[in-house]
file input.txt (compact mmCIF, C-alpha atoms)
# COMPACT_ATOMS: atom_id res chain seq x y z
CA MET N 70 -50.67 -40.70 -34.06
CA LEU N 71 -50.26 -41.47 -30.35
CA GLN N 72 -53.02 -43.58 -28.82
CA PRO N 73 -55.15 -41.91 -26.07
CA GLN N 74 -54.07 -44.36 -23.32
CA PHE N 75 -50.38 -43.32 -23.73
CA ARG N 76 -50.90 -39.55 -23.66
CA PRO N 77 -50.90 -39.15 -19.78
CA LEU N 78 -47.72 -41.25 -19.55
CA LEU N 79 -45.98 -39.04 -22.10
CA ALA N 80 -47.04 -35.87 -20.27
CA GLY N 81 -45.64 -37.17 -16.95
CA THR N 82 -42.35 -38.17 -18.58
CA ALA N 83 -41.98 -34.73 -20.17
CA SER N 84 -42.57 -32.91 -16.88
CA PHE N 85 -40.08 -35.18 -15.08
CA ALA N 86 -37.42 -34.57 -17.76
CA GLN N 87 -38.02 -30.82 -17.58
CA THR N 88 -37.55 -30.85 -13.78
CA VAL N 89 -34.30 -32.86 -13.97
CA LEU N 90 -32.96 -30.62 -16.74
CA GLY N 91 -33.74 -27.47 -14.76
CA ARG N 92 -31.95 -28.78 -11.65
CA THR N 93 -28.94 -29.83 -13.72
CA VAL N 94 -28.68 -26.42 -15.38
CA ALA N 95 -29.00 -24.62 -12.05
CA ARG N 96 -26.33 -26.87 -10.52
CA CYS N 97 -23.78 -26.32 -13.31
CA TYR N 98 -24.38 -22.59 -13.67
CA ALA N 99 -24.23 -21.38 -10.08
CA THR N 100 -23.11 -22.46 -6.66
CA LYS N 101 -24.50 -20.74 -3.59
CA ALA N 102 -21.90 -18.89 -1.52
CA ALA N 103 -21.66 -19.76 2.16
CA THR N 104 -23.25 -17.00 4.25
CA PRO N 105 -22.76 -16.75 8.02
CA SER N 106 -25.79 -17.38 10.19
CA GLY N 107 -26.73 -14.62 12.59
CA ASN N 108 -29.41 -12.11 13.50
CA ALA N 109 -32.27 -10.73 11.43
CA SER N 110 -30.01 -8.33 9.51
CA THR N 111 -27.79 -11.23 8.46
CA SER N 112 -30.79 -13.23 7.29
CA THR N 113 -31.95 -10.22 5.28
CA THR N 114 -28.52 -9.95 3.68
CA SER N 115 -28.55 -13.65 2.81
CA ALA N 116 -32.02 -13.26 1.30
CA ASN N 117 -30.79 -10.37 -0.82
CA SER N 118 -27.79 -12.42 -1.92
CA LYS N 119 -30.10 -15.27 -2.91
CA ASP N 120 -32.14 -12.86 -5.02
CA ALA N 121 -28.95 -11.56 -6.61
CA LYS N 122 -27.84 -15.13 -7.39
CA ALA N 123 -31.23 -15.83 -8.94
CA LYS N 124 -30.82 -12.80 -11.23
CA THR N 125 -27.22 -13.73 -12.21
CA PRO N 126 -27.18 -17.49 -12.81
CA TYR N 127 -23.75 -17.46 -14.47
CA VAL N 128 -21.78 -17.02 -11.23
CA ARG N 129 -19.67 -19.73 -9.64
CA ASP N 130 -18.05 -19.53 -6.20
CA ALA N 131 -14.86 -21.57 -5.89
CA GLY N 132 -13.60 -21.30 -2.32
CA MET N 133 -12.92 -17.65 -1.51
CA MET N 134 -12.90 -16.51 -5.14
CA ARG N 135 -15.79 -16.00 -7.52
CA THR N 136 -15.56 -17.15 -11.12
CA TYR N 137 -18.02 -16.81 -13.98
CA LYS N 138 -19.29 -19.05 -16.74
CA PRO N 139 -17.57 -17.82 -19.94
CA HIS N 140 -20.53 -16.60 -21.95
CA THR N 141 -18.23 -13.74 -23.10
CA PRO N 142 -14.44 -13.81 -23.62
CA GLY N 143 -13.91 -11.00 -21.11
CA ILE N 144 -15.13 -13.03 -18.13
CA ARG N 145 -13.58 -16.37 -19.03
CA HIS N 146 -10.53 -15.70 -16.83
CA LEU N 147 -12.21 -13.20 -14.50
CA LYS N 148 -11.68 -14.06 -10.85
CA ARG N 149 -12.77 -11.87 -7.93
CA PRO N 150 -12.73 -12.14 -4.15
CA ILE N 151 -16.13 -12.78 -2.57
CA ASN N 152 -17.06 -9.58 -0.74
CA ASP N 153 -20.83 -9.74 -0.42
CA HIS N 154 -20.72 -7.77 2.83
CA LEU N 155 -19.62 -4.52 1.15
CA TRP N 156 -21.87 -1.48 1.03
CA LYS N 157 -23.72 -1.25 -2.29
CA GLY N 158 -24.50 2.48 -2.20
CA ARG N 159 -22.48 5.69 -2.55
CA PRO N 160 -19.82 6.76 -0.04
CA TYR N 161 -20.34 9.26 2.75
CA LEU N 162 -19.87 12.40 0.64
CA PRO N 163 -18.69 14.83 3.38
CA LEU N 164 -15.58 12.66 3.76
CA THR N 165 -14.76 12.58 0.03
CA PHE N 166 -13.56 14.96 -2.68
CA PRO N 167 -13.25 14.40 -6.45
CA LYS N 168 -9.95 13.36 -7.97
CA LYS N 169 -9.45 15.81 -10.82
CA GLY N 170 -6.64 17.49 -12.71
CA GLN N 171 -3.55 16.29 -14.49
CA SER N 172 -2.36 14.19 -11.57
CA LYS N 173 -4.86 11.56 -12.68
CA GLY N 174 -2.73 11.11 -15.79
CA GLY N 175 0.58 10.85 -13.93
CA ARG N 176 1.55 14.52 -14.51
CA ASN N 177 3.09 16.97 -12.07
CA HIS N 178 2.22 20.66 -11.66
CA SER N 179 4.11 21.58 -14.83
CA GLY N 180 2.36 18.97 -16.95
CA ARG N 181 5.27 16.56 -17.35
CA ILE N 182 4.78 12.83 -16.92
CA THR N 183 6.38 11.77 -13.65
CA VAL N 184 4.56 8.42 -13.27
CA ARG N 185 4.24 6.37 -16.42
CA HIS N 186 1.35 4.09 -17.37
CA ARG N 187 -1.32 6.25 -15.73
CA GLY N 188 -4.34 7.80 -17.41
CA GLY N 189 -7.98 7.37 -18.35
CA GLY N 190 -9.93 5.24 -15.95
CA HIS N 191 -13.28 5.69 -14.29
CA LYS N 192 -13.93 8.88 -12.37
CA ARG N 193 -13.43 8.49 -8.66
CA ARG N 194 -13.64 10.33 -5.37
CA ILE N 195 -10.85 10.34 -2.81
CA ARG N 196 -11.87 9.00 0.61
CA MET N 197 -10.32 10.87 3.53
CA VAL N 198 -9.16 8.02 5.77
CA ASP N 199 -8.17 8.67 9.37
CA PHE N 200 -4.70 7.18 9.83
CA ASP N 201 -4.03 9.03 13.10
CA ARG N 202 -7.01 7.89 15.21
CA TRP N 203 -6.47 10.33 18.06
CA THR N 204 -10.18 10.47 18.97
CA PRO N 205 -10.83 8.31 22.06
CA GLY N 206 -14.02 6.55 23.04
CA PRO N 207 -16.07 3.78 21.43
CA HIS N 208 -16.85 4.00 17.71
CA THR N 209 -19.55 1.92 16.04
CA VAL N 210 -18.90 0.46 12.59
CA LEU N 211 -21.76 1.51 10.34
CA ARG N 212 -20.68 -0.31 7.17
CA ILE N 213 -17.73 -1.70 5.22
CA GLU N 214 -17.07 0.03 1.90
CA TYR N 215 -14.99 -0.40 -1.22
CA ASP N 216 -12.33 2.25 -1.75
CA PRO N 217 -11.06 2.81 -5.32
CA GLY N 218 -7.93 4.50 -3.95
CA ARG N 219 -6.55 1.47 -2.09
CA SER N 220 -6.66 -2.32 -2.17
CA ALA N 221 -7.98 -2.73 1.39
CA HIS N 222 -11.56 -2.00 2.39
CA ILE N 223 -12.53 0.92 4.61
CA ALA N 224 -15.03 1.13 7.45
CA LEU N 225 -17.32 4.05 8.16
CA VAL N 226 -17.38 4.49 11.94
CA LYS N 227 -19.43 6.83 14.13
CA GLU N 228 -18.29 8.18 17.47
CA GLU N 229 -20.93 7.31 20.05
CA ALA N 230 -20.36 10.46 22.11
CA THR N 231 -20.66 13.10 19.39
CA GLY N 232 -22.00 11.21 16.36
CA LYS N 233 -19.05 12.32 14.22
CA LYS N 234 -18.26 9.98 11.33
CA SER N 235 -14.88 9.01 9.93
CA TYR N 236 -13.25 6.43 7.70
CA ILE N 237 -10.66 3.91 8.92
CA VAL N 238 -8.94 0.98 7.23
CA ALA N 239 -11.07 -2.06 8.00
CA ALA N 240 -9.60 -5.16 9.63
CA ASP N 241 -10.18 -8.61 8.23
CA GLY N 242 -13.42 -9.91 9.73
CA MET N 243 -14.75 -6.51 10.75
CA ARG N 244 -18.46 -6.11 10.07
CA ALA N 245 -21.20 -3.55 10.57
CA GLY N 246 -22.22 -3.27 14.22
CA ASP N 247 -18.76 -3.88 15.67
CA VAL N 248 -17.44 -1.43 18.25
CA VAL N 249 -13.82 -0.29 17.99
CA GLN N 250 -11.86 2.07 20.19
CA SER N 251 -8.64 4.07 20.15
CA TYR N 252 -6.41 4.24 23.23
CA ARG N 253 -3.76 6.40 21.62
CA SER N 254 -4.74 9.48 23.63
CA GLY N 255 -4.57 7.58 26.93
CA LEU N 256 -6.47 5.02 28.96
CA PRO N 257 -10.01 5.91 30.11
CA GLN N 258 -10.57 6.37 33.82
CA ASP N 259 -13.08 3.54 34.13
CA LEU N 260 -10.52 1.09 32.72
CA LEU N 261 -7.92 2.25 35.23
CA ASP N 262 -10.42 1.93 38.09
CA SER N 263 -11.30 -1.62 37.03
CA MET N 264 -7.59 -2.57 37.37
CA GLY N 265 -7.38 -1.01 40.84
CA GLY N 266 -5.62 2.15 39.72
CA VAL N 267 -2.50 0.23 38.63
CA VAL N 268 -1.87 -0.84 35.05
CA ASP N 269 -1.74 -4.64 34.85
CA PRO N 270 -0.31 -5.74 31.45
CA GLY N 271 -2.34 -8.95 31.33
CA ILE N 272 -5.68 -7.36 32.17
CA LEU N 273 -4.87 -4.40 29.92
CA ALA N 274 -4.22 -6.68 26.94
CA ALA N 275 -7.38 -8.67 27.59
CA ARG N 276 -9.49 -5.50 27.75
CA THR N 277 -7.96 -3.52 24.89
CA CYS N 278 -6.26 -5.81 22.33
CA TRP N 279 -9.28 -6.50 20.17
CA ARG N 280 -9.58 -6.49 16.41
CA GLY N 281 -9.79 -2.97 15.04
CA ASN N 282 -8.63 -1.21 18.22
CA CYS N 283 -5.81 1.33 17.89
CA LEU N 284 -3.17 1.33 20.63
CA PRO N 285 0.40 2.46 21.23
CA VAL N 286 2.80 -0.32 20.24
CA SER N 287 4.06 -0.61 23.82
CA MET N 288 0.61 -1.71 25.02
CA ILE N 289 0.33 -4.62 22.56
CA PRO N 290 1.68 -8.06 23.63
CA VAL N 291 4.62 -9.64 21.83
CA GLY N 292 3.57 -11.89 18.94
CA THR N 293 0.40 -9.96 18.09
CA GLN N 294 -0.41 -9.28 14.44
CA ILE N 295 -0.97 -5.60 13.74
CA TYR N 296 -1.53 -3.34 10.74
CA CYS N 297 -1.56 0.42 10.06
CA VAL N 298 1.66 0.75 12.03
CA GLY N 299 3.24 4.13 12.66
CA SER N 300 6.90 4.95 13.17
CA ARG N 301 6.87 8.23 15.15
CA PRO N 302 5.05 9.10 18.39
CA ASP N 303 3.03 11.90 16.82
CA GLY N 304 2.80 10.53 13.28
CA LYS N 305 0.17 8.62 11.35
CA ALA N 306 0.22 4.99 10.21
CA VAL N 307 2.76 4.36 7.45
CA PHE N 308 3.31 0.57 7.34
CA CYS N 309 0.98 -2.34 6.46
CA ARG N 310 -1.91 -0.35 5.02
CA SER N 311 -2.69 -2.37 1.87
CA ALA N 312 -4.91 -5.44 1.56
CA GLY N 313 -3.95 -8.50 3.60
CA THR N 314 -0.80 -6.99 5.09
CA TYR N 315 0.27 -7.20 8.72
CA ALA N 316 3.30 -6.90 10.97
CA THR N 317 4.27 -8.87 14.05
CA ILE N 318 5.68 -7.47 17.28
CA ILE N 319 8.97 -9.29 17.91
CA SER N 320 10.44 -7.77 21.05
CA LYS N 321 10.37 -4.79 23.37
CA GLU N 322 13.10 -3.04 25.31
CA GLU N 323 11.78 -4.03 28.73
CA GLU N 324 13.02 -5.59 31.94
CA THR N 325 11.37 -7.97 34.41
CA ARG N 326 11.10 -6.88 38.04
CA GLU N 327 11.27 -9.11 41.10
CA ASP N 328 7.48 -9.42 41.31
CA GLY N 329 7.35 -10.69 37.71
CA THR N 330 6.01 -7.57 36.05
CA LYS N 331 7.63 -6.26 32.89
CA VAL N 332 8.40 -2.56 32.48
CA MET N 333 9.46 -0.74 29.32
CA THR N 334 12.94 0.69 29.74
CA GLY N 335 13.74 1.64 26.15
CA LYS N 336 12.11 3.90 23.61
CA PHE N 337 11.61 1.46 20.73
CA VAL N 338 9.82 -1.75 19.80
CA ASN N 339 11.02 -4.22 17.16
CA VAL N 340 8.44 -5.09 14.52
CA ARG N 341 8.80 -7.68 11.75
CA LEU N 342 7.20 -6.88 8.41
CA GLN N 343 5.97 -9.49 5.94
CA SER N 344 9.09 -9.09 3.81
CA GLY N 345 11.16 -10.39 6.73
CA GLU N 346 12.58 -6.97 7.55
CA ILE N 347 12.75 -6.08 11.25
CA ARG N 348 12.36 -2.39 12.02
CA ARG N 349 12.50 -0.26 15.13
CA VAL N 350 9.48 1.94 15.77
CA SER N 351 8.73 4.27 18.64
CA LYS N 352 6.97 2.70 21.61
CA ASP N 353 4.31 5.43 21.39
CA ALA N 354 3.66 4.87 17.67
CA CYS N 355 0.16 3.80 16.70
CA ALA N 356 -0.84 0.31 15.58
CA THR N 357 -4.17 -1.40 14.94
CA VAL N 358 -4.77 -4.97 16.09
CA GLY N 359 -5.57 -7.44 13.31
CA VAL N 360 -4.87 -7.93 9.61
CA ALA N 361 -5.82 -5.48 6.87
CA SER N 362 -9.03 -6.48 5.10
CA ASN N 363 -9.51 -8.00 1.63
CA ILE N 364 -6.87 -10.66 2.16
CA MET N 365 -7.68 -12.42 -1.16
CA HIS N 366 -6.95 -9.32 -3.22
CA HIS N 367 -3.68 -10.60 -4.68
CA TYR N 368 -5.41 -13.71 -6.10
CA ARG N 369 -7.72 -11.72 -8.35
CA GLN N 370 -7.55 -11.85 -12.15
CA LEU N 371 -8.87 -8.95 -14.21
CA GLY N 372 -9.75 -11.15 -17.17
CA LYS N 373 -9.30 -8.57 -19.91
CA ALA N 374 -7.28 -5.49 -20.80
CA GLY N 375 -10.28 -3.20 -20.51
CA ARG N 376 -10.48 -3.65 -16.75
CA SER N 377 -6.94 -2.34 -16.39
CA ARG N 378 -8.01 0.75 -18.31
CA TRP N 379 -10.98 1.19 -15.98
CA LEU N 380 -8.49 1.13 -13.07
CA ASN N 381 -6.50 4.02 -14.60
CA ILE N 382 -3.69 1.70 -15.78
CA ARG N 383 -2.30 2.25 -19.29
CA PRO N 384 -0.31 -0.32 -21.30
CA THR N 385 3.40 -0.94 -20.84
CA VAL N 386 5.39 -0.82 -24.09
CA ARG N 387 8.75 -2.55 -24.54
CA GLY N 388 11.68 -0.29 -25.23
CA LEU N 389 12.62 -2.44 -28.20
CA ALA N 390 9.33 -1.55 -29.87
CA MET N 391 9.81 2.22 -29.45
CA ASN N 392 11.51 4.78 -31.62
CA ALA N 393 15.12 5.77 -31.06
CA ASN N 394 14.14 9.10 -29.50
CA ASP N 395 11.87 7.40 -26.93
CA HIS N 396 14.16 4.68 -25.55
CA PRO N 397 17.83 3.63 -25.76
CA HIS N 398 16.70 0.26 -27.16
CA GLY N 399 14.47 1.80 -29.83
CA GLY N 400 14.99 2.28 -33.53
CA GLY N 401 16.79 0.11 -36.03
CA ARG N 402 15.53 -2.42 -38.52
CA GLY N 403 13.80 -5.38 -36.98
CA LYS N 404 14.35 -6.56 -33.41
CA SER N 405 17.68 -4.94 -32.63
CA LYS N 406 18.70 -2.72 -29.75
CA GLY N 407 22.03 -1.62 -31.18
CA ASN N 408 24.25 -4.15 -29.36
CA ARG N 409 23.64 -2.34 -26.08
CA HIS N 410 23.29 -3.77 -22.62
CA PRO N 411 19.78 -3.59 -21.11
CA VAL N 412 19.11 -0.17 -19.62
CA SER N 413 16.15 1.81 -18.35
CA PRO N 414 14.58 4.62 -20.43
CA TRP N 415 16.98 7.01 -18.64
CA GLY N 416 20.13 4.97 -19.28
CA THR N 417 20.56 3.23 -15.92
CA PRO N 418 21.79 -0.38 -16.30
CA ALA N 419 18.94 -2.76 -15.62
CA LYS N 420 20.77 -6.08 -15.28
CA GLY N 421 24.18 -7.51 -14.51
CA GLY N 422 24.23 -6.80 -10.76
CA TYR N 423 24.35 -3.01 -11.03
CA LYS N 424 24.25 -1.63 -7.48
CA THR N 425 21.77 1.12 -6.73
CA ARG N 426 21.51 0.81 -2.94
CA ARG N 427 23.52 3.30 -0.90
CA LYS N 428 26.41 1.98 1.18
CA SER N 429 26.77 4.94 3.52
CA ASN N 430 24.09 6.69 5.54
CA ILE N 431 21.98 3.54 5.68
CA ASN N 432 18.58 3.39 7.31
CA LYS N 433 19.26 3.22 11.04
CA TRP N 434 15.72 2.06 11.82
CA VAL N 435 16.23 -1.26 10.02
CA VAL N 436 17.49 -3.85 12.51
CA THR N 437 17.53 -6.81 10.10
CA PRO N 438 17.13 -6.16 6.36
CA ARG N 439 14.88 -8.32 4.29
CA VAL N 440 16.31 -11.37 2.53
CA ARG N 441 17.41 -10.63 -1.03
CA ASN N 442 18.59 -12.90 -3.84
CA MET N 443 16.83 -15.91 -2.27
CA GLY N 444 19.13 -15.69 0.74
CA VAL N 445 22.25 -16.51 -1.34
CA ARG N 446 25.04 -13.98 -1.41
CA ARG N 447 26.88 -13.60 -4.68
CA ASN N 448 30.60 -14.13 -4.69
CA LYS N 449 32.42 -11.76 -7.00
CA LYS N 450 35.54 -13.96 -7.11
CA THR N 451 33.74 -16.87 -8.75
CA THR N 452 33.44 -16.72 -12.52
call {"tool": "encode", "arguments": {"input": "input.txt", "output": "structure tokens"}}
result
Amino acid sequence: MLQPQFRPLLAGTASFAQTVLGRTVARCYATKAATPSGNASTSTTSANSKDAKAKTPYVRDAGMMRTYKPHTPGIRHLKRPINDHLWKGRPYLPLTFPKKGQSKGGRNHSGRITVRHRGGGHKRRIRMVDFDRWTPGPHTVLRIEYDPGRSAHIALVKEEATGKKSYIVAADGMRAGDVVQSYRSGLPQDLLDSMGGVVDPGILAARTCWRGNCLPVSMIPVGTQIYCVGSRPDGKAVFCRSAGTYATIISKEEETREDGTKVMTGKFVNVRLQSGEIRRVSKDACATVGVASNIMHHYRQLGKAGRSRWLNIRPTVRGLAMNANDHPHGGGRGKSKGNRHPVSPWGTPAKGGYKTRRKSNINKWVVTPRVRNMGVRRNKKTT
């Protein structure tokens, strides 16, 4: 039995060991994510994130990705981008409609499968995103939301003049409270008056080329990164709409006058895509300044097969493992494809340099095609 004079010492040692053990466990189980300092709303968000971290002590933040302590096999390899700024509630329902019918399973109107490996998945609502952005005037960003129909995030914006709400593809770094504007319908009169009634390219770029603003391509300086790029004067955005994508304005068909000002003389602007391809787009086509949001999307790891099923993705089966009536490689005893060259399920050769790209009637809008085959051209004469 412990003597009475040693009992207080033992109690103090036990409390000290408990404190050290608690700090060690908290340190190895979770790491606090870096939150930007700002106004009262930002502090409230950081407080909510601290409460969330206290409730989920198994979360680790490694750089821009969030990993988890593997207390289950399904989250051992799970890796997600850190997007604590996203809206936690439901979407704005007037701008959504449910995705129903056989198209969810990759079927067409007659019920035949036209897109393989689709089916199941969580129910979702389609967000009606404004890719035209014809409405002028300032728009306030209300919140940044997750969209199950695309990899980039979307922003719910409200027009200050009428209060009408719409969805746009969010730019990287865009947050609630930002003000964005579209100059596709023309320049406002107050902006023209501030430049003395004459459009000055330098002042115009300084006043309009801000992140999230939509402008005609001709009004954006050379070298600017843009996303949601259109190709026709009256069309919507068709290029660089997924997460982390952007294009760069390479050159314009313009000439320099004697006073040093540059004037557009042509109808097109050359834009370089991330693949290295240089395309010609109309000078009046739309483009949004910045980079599409969720730039860390391609570093994510789902961690388990079930998450692919939640995302409406079904498994991919090898042709060798199918029956003979399902694939040209199917059937037979064991792993044999009948001494046949690799082909697709429809019989098209899949390897061996089979050409599928058209040689005539090529795309006239492509100025420089993207680099293929690691930039090395194959020589047919060499064996």
call {"tool": "atom_distance", "arguments": {"input": "input.txt", "atom1": "atom CA of N:Lys433", "atom2": "atom CA of N:Val238"}}
result
28.5 Å
call {"tool": "closest_residue", "arguments": {"input": "input.txt", "among": "N:Gly422, N:Gly335, N:Gly313, N:Pro438", "to": "N:Arg219", "atoms": "only C-alpha atoms"}}
result
N:Gly313
call {"tool": "residues_around", "arguments": {"input": "input.txt", "residues": "N:Pro384", "least_positions_apart": "5", "cutoff": "9 Å", "atoms": "all atoms listed in the file", "output": "VMD selection string"}}
result
chain N and resid 186 to 187 374 377 to 378
call {"tool": "closest_residue", "arguments": {"input": "input.txt", "among": "N:Val436, N:Gln370, N:Glu346, N:Gly403", "to": "N:Leu147", "atoms": "all atoms listed in the file"}}
result
N:Gln370
call {"tool": "closest_residue", "arguments": {"input": "input.txt", "among": "N:Val350, N:Ala356, N:Ile223, N:Ala312", "to": "N:Arg280", "atoms": "only C-alpha atoms"}}
result
N:Ala356
call {"tool": "closest_residue", "arguments": {"input": "input.txt", "among": "N:His154, N:Pro397, N:Arg212, N:Asn430", "to": "N:Thr417", "atoms": "all atoms listed in the file"}}
result
N:Pro397
call {"tool": "atom_distance", "arguments": {"input": "input.txt", "atom1": "atom CA of N:Thr425", "atom2": "atom CA of N:Asp395"}}
result
23.4 Å
call {"tool": "closest_residue", "arguments": {"input": "input.txt", "among": "N:Lys373, N:Arg176, N:Pro257, N:Leu164", "to": "N:Ser235", "atoms": "only C-alpha atoms"}}
result
N:Leu164
call {"tool": "atom_distance", "arguments": {"input": "input.txt", "atom1": "atom CA of N:Gly170", "atom2": "atom CA of N:Gly304"}}
result
28.5 Å
call {"tool": "residues_near_point", "arguments": {"input": "input.txt", "point": "(-8.5, -0.8, 16.1)", "cutoff": "7 Å", "atoms": "all atoms listed in the file", "output": "VMD selection string"}}
result
chain N and resid 249 to 251 280 to 283 357 to 358
call {"tool": "closest_residue", "arguments": {"input": "input.txt", "among": "N:Val338, N:Met243, N:Cys355, N:Val286", "to": "N:Val307", "atoms": "only C-alpha atoms"}}
result
N:Cys355
call {"tool": "decode", "arguments": {"input": "input.txt", "residues": "stretch 184-191 of chain N", "atoms": "all heavy atoms", "output": "PDB file, in the first residue's frame"}}
result
ATOM      1  N   VAL N 184     -23.562   5.721 -74.000  1.00  0.00           N
ATOM      2  CA  VAL N 184     -22.381   6.051 -73.205  1.00  0.00           C
ATOM      3  C   VAL N 184     -22.217   4.939 -72.175  1.00  0.00           C
ATOM      4  O   VAL N 184     -23.072   4.761 -71.306  1.00  0.00           O
ATOM      5  CB  VAL N 184     -22.515   7.417 -72.500  1.00  0.00           C
ATOM      6  CG1 VAL N 184     -21.246   7.727 -71.722  1.00  0.00           C
ATOM      7  CG2 VAL N 184     -22.792   8.512 -73.505  1.00  0.00           C
ATOM      8  N   ARG N 185     -21.130   4.190 -72.299  1.00  0.00           N
ATOM      9  CA  ARG N 185     -20.921   3.085 -71.380  1.00  0.00           C
ATOM     10  C   ARG N 185     -20.439   3.570 -70.013  1.00  0.00           C
ATOM     11  O   ARG N 185     -20.022   4.707 -69.845  1.00  0.00           O
ATOM     12  CB  ARG N 185     -19.895   2.108 -71.964  1.00  0.00           C
ATOM     13  CG  ARG N 185     -20.307   1.506 -73.300  1.00  0.00           C
ATOM     14  CD  ARG N 185     -19.433   0.339 -73.653  1.00  0.00           C
ATOM     15  NE  ARG N 185     -18.028   0.700 -73.732  1.00  0.00           N
ATOM     16  CZ  ARG N 185     -17.027  -0.178 -73.688  1.00  0.00           C
ATOM     17  NH1 ARG N 185     -17.288  -1.467 -73.562  1.00  0.00           N
ATOM     18  NH2 ARG N 185     -15.776   0.223 -73.790  1.00  0.00           N
ATOM     19  N   HIS N 186     -20.522   2.680 -69.046  1.00  0.00           N
ATOM     20  CA  HIS N 186     -20.002   2.898 -67.693  1.00  0.00           C
ATOM     21  C   HIS N 186     -20.735   4.027 -66.971  1.00  0.00           C
ATOM     22  O   HIS N 186     -20.132   4.771 -66.198  1.00  0.00           O
ATOM     23  CB  HIS N 186     -18.492   3.188 -67.715  1.00  0.00           C
ATOM     24  CG  HIS N 186     -17.730   2.279 -68.622  1.00  0.00           C
ATOM     25  ND1 HIS N 186     -16.746   2.731 -69.466  1.00  0.00           N
ATOM     26  CD2 HIS N 186     -17.819   0.953 -68.845  1.00  0.00           C
ATOM     27  CE1 HIS N 186     -16.258   1.714 -70.154  1.00  0.00           C
ATOM     28  NE2 HIS N 186     -16.901   0.616 -69.790  1.00  0.00           N
ATOM     29  N   ARG N 187     -22.008   4.183 -67.246  1.00  0.00           N
ATOM     30  CA  ARG N 187     -22.837   5.156 -66.543  1.00  0.00           C
ATOM     31  C   ARG N 187     -24.007   4.431 -65.897  1.00  0.00           C
ATOM     32  O   ARG N 187     -24.575   3.516 -66.487  1.00  0.00           O
ATOM     33  CB  ARG N 187     -23.378   6.221 -67.502  1.00  0.00           C
ATOM     34  CG  ARG N 187     -22.319   7.073 -68.155  1.00  0.00           C
ATOM     35  CD  ARG N 187     -21.777   8.112 -67.212  1.00  0.00           C
ATOM     36  NE  ARG N 187     -20.759   8.947 -67.871  1.00  0.00           N
ATOM     37  CZ  ARG N 187     -21.026  10.057 -68.522  1.00  0.00           C
ATOM     38  NH1 ARG N 187     -22.284  10.458 -68.643  1.00  0.00           N
ATOM     39  NH2 ARG N 187     -20.062  10.759 -69.068  1.00  0.00           N
ATOM     40  N   GLY N 188     -24.393   4.866 -64.702  1.00  0.00           N
ATOM     41  CA  GLY N 188     -25.567   4.296 -64.061  1.00  0.00           C
ATOM     42  C   GLY N 188     -25.456   4.331 -62.552  1.00  0.00           C
ATOM     43  O   GLY N 188     -24.363   4.434 -61.976  1.00  0.00           O
ATOM     44  N   GLY N 189     -26.613   4.254 -61.901  1.00  0.00           N
ATOM     45  CA  GLY N 189     -26.636   4.314 -60.437  1.00  0.00           C
ATOM     46  C   GLY N 189     -26.319   5.719 -59.975  1.00  0.00           C
ATOM     47  O   GLY N 189     -26.718   6.717 -60.582  1.00  0.00           O
ATOM     48  N   GLY N 190     -25.590   5.830 -58.911  1.00  0.00           N
ATOM     49  CA  GLY N 190     -25.178   7.135 -58.428  1.00  0.00           C
ATOM     50  C   GLY N 190     -26.234   7.825 -57.598  1.00  0.00           C
ATOM     51  O   GLY N 190     -27.410   7.468 -57.593  1.00  0.00           O
ATOM     52  N   HIS N 191     -25.799   8.819 -56.876  1.00  0.00           N
ATOM     53  CA  HIS N 191     -26.688   9.586 -56.006  1.00  0.00           C
ATOM     54  C   HIS N 191     -27.596  10.461 -56.854  1.00  0.00           C
ATOM     55  O   HIS N 191     -27.214  10.913 -57.940  1.00  0.00           O
ATOM     56  CB  HIS N 191     -25.856  10.440 -55.057  1.00  0.00           C
ATOM     57  CG  HIS N 191     -26.621  10.967 -53.878  1.00  0.00           C
ATOM     58  ND1 HIS N 191     -27.434  12.067 -53.953  1.00  0.00           N
ATOM     59  CD2 HIS N 191     -26.707  10.536 -52.608  1.00  0.00           C
ATOM     60  CE1 HIS N 191     -27.981  12.299 -52.780  1.00  0.00           C
ATOM     61  NE2 HIS N 191     -27.550  11.375 -51.939  1.00  0.00           N
TER      62      HIS N 191
END
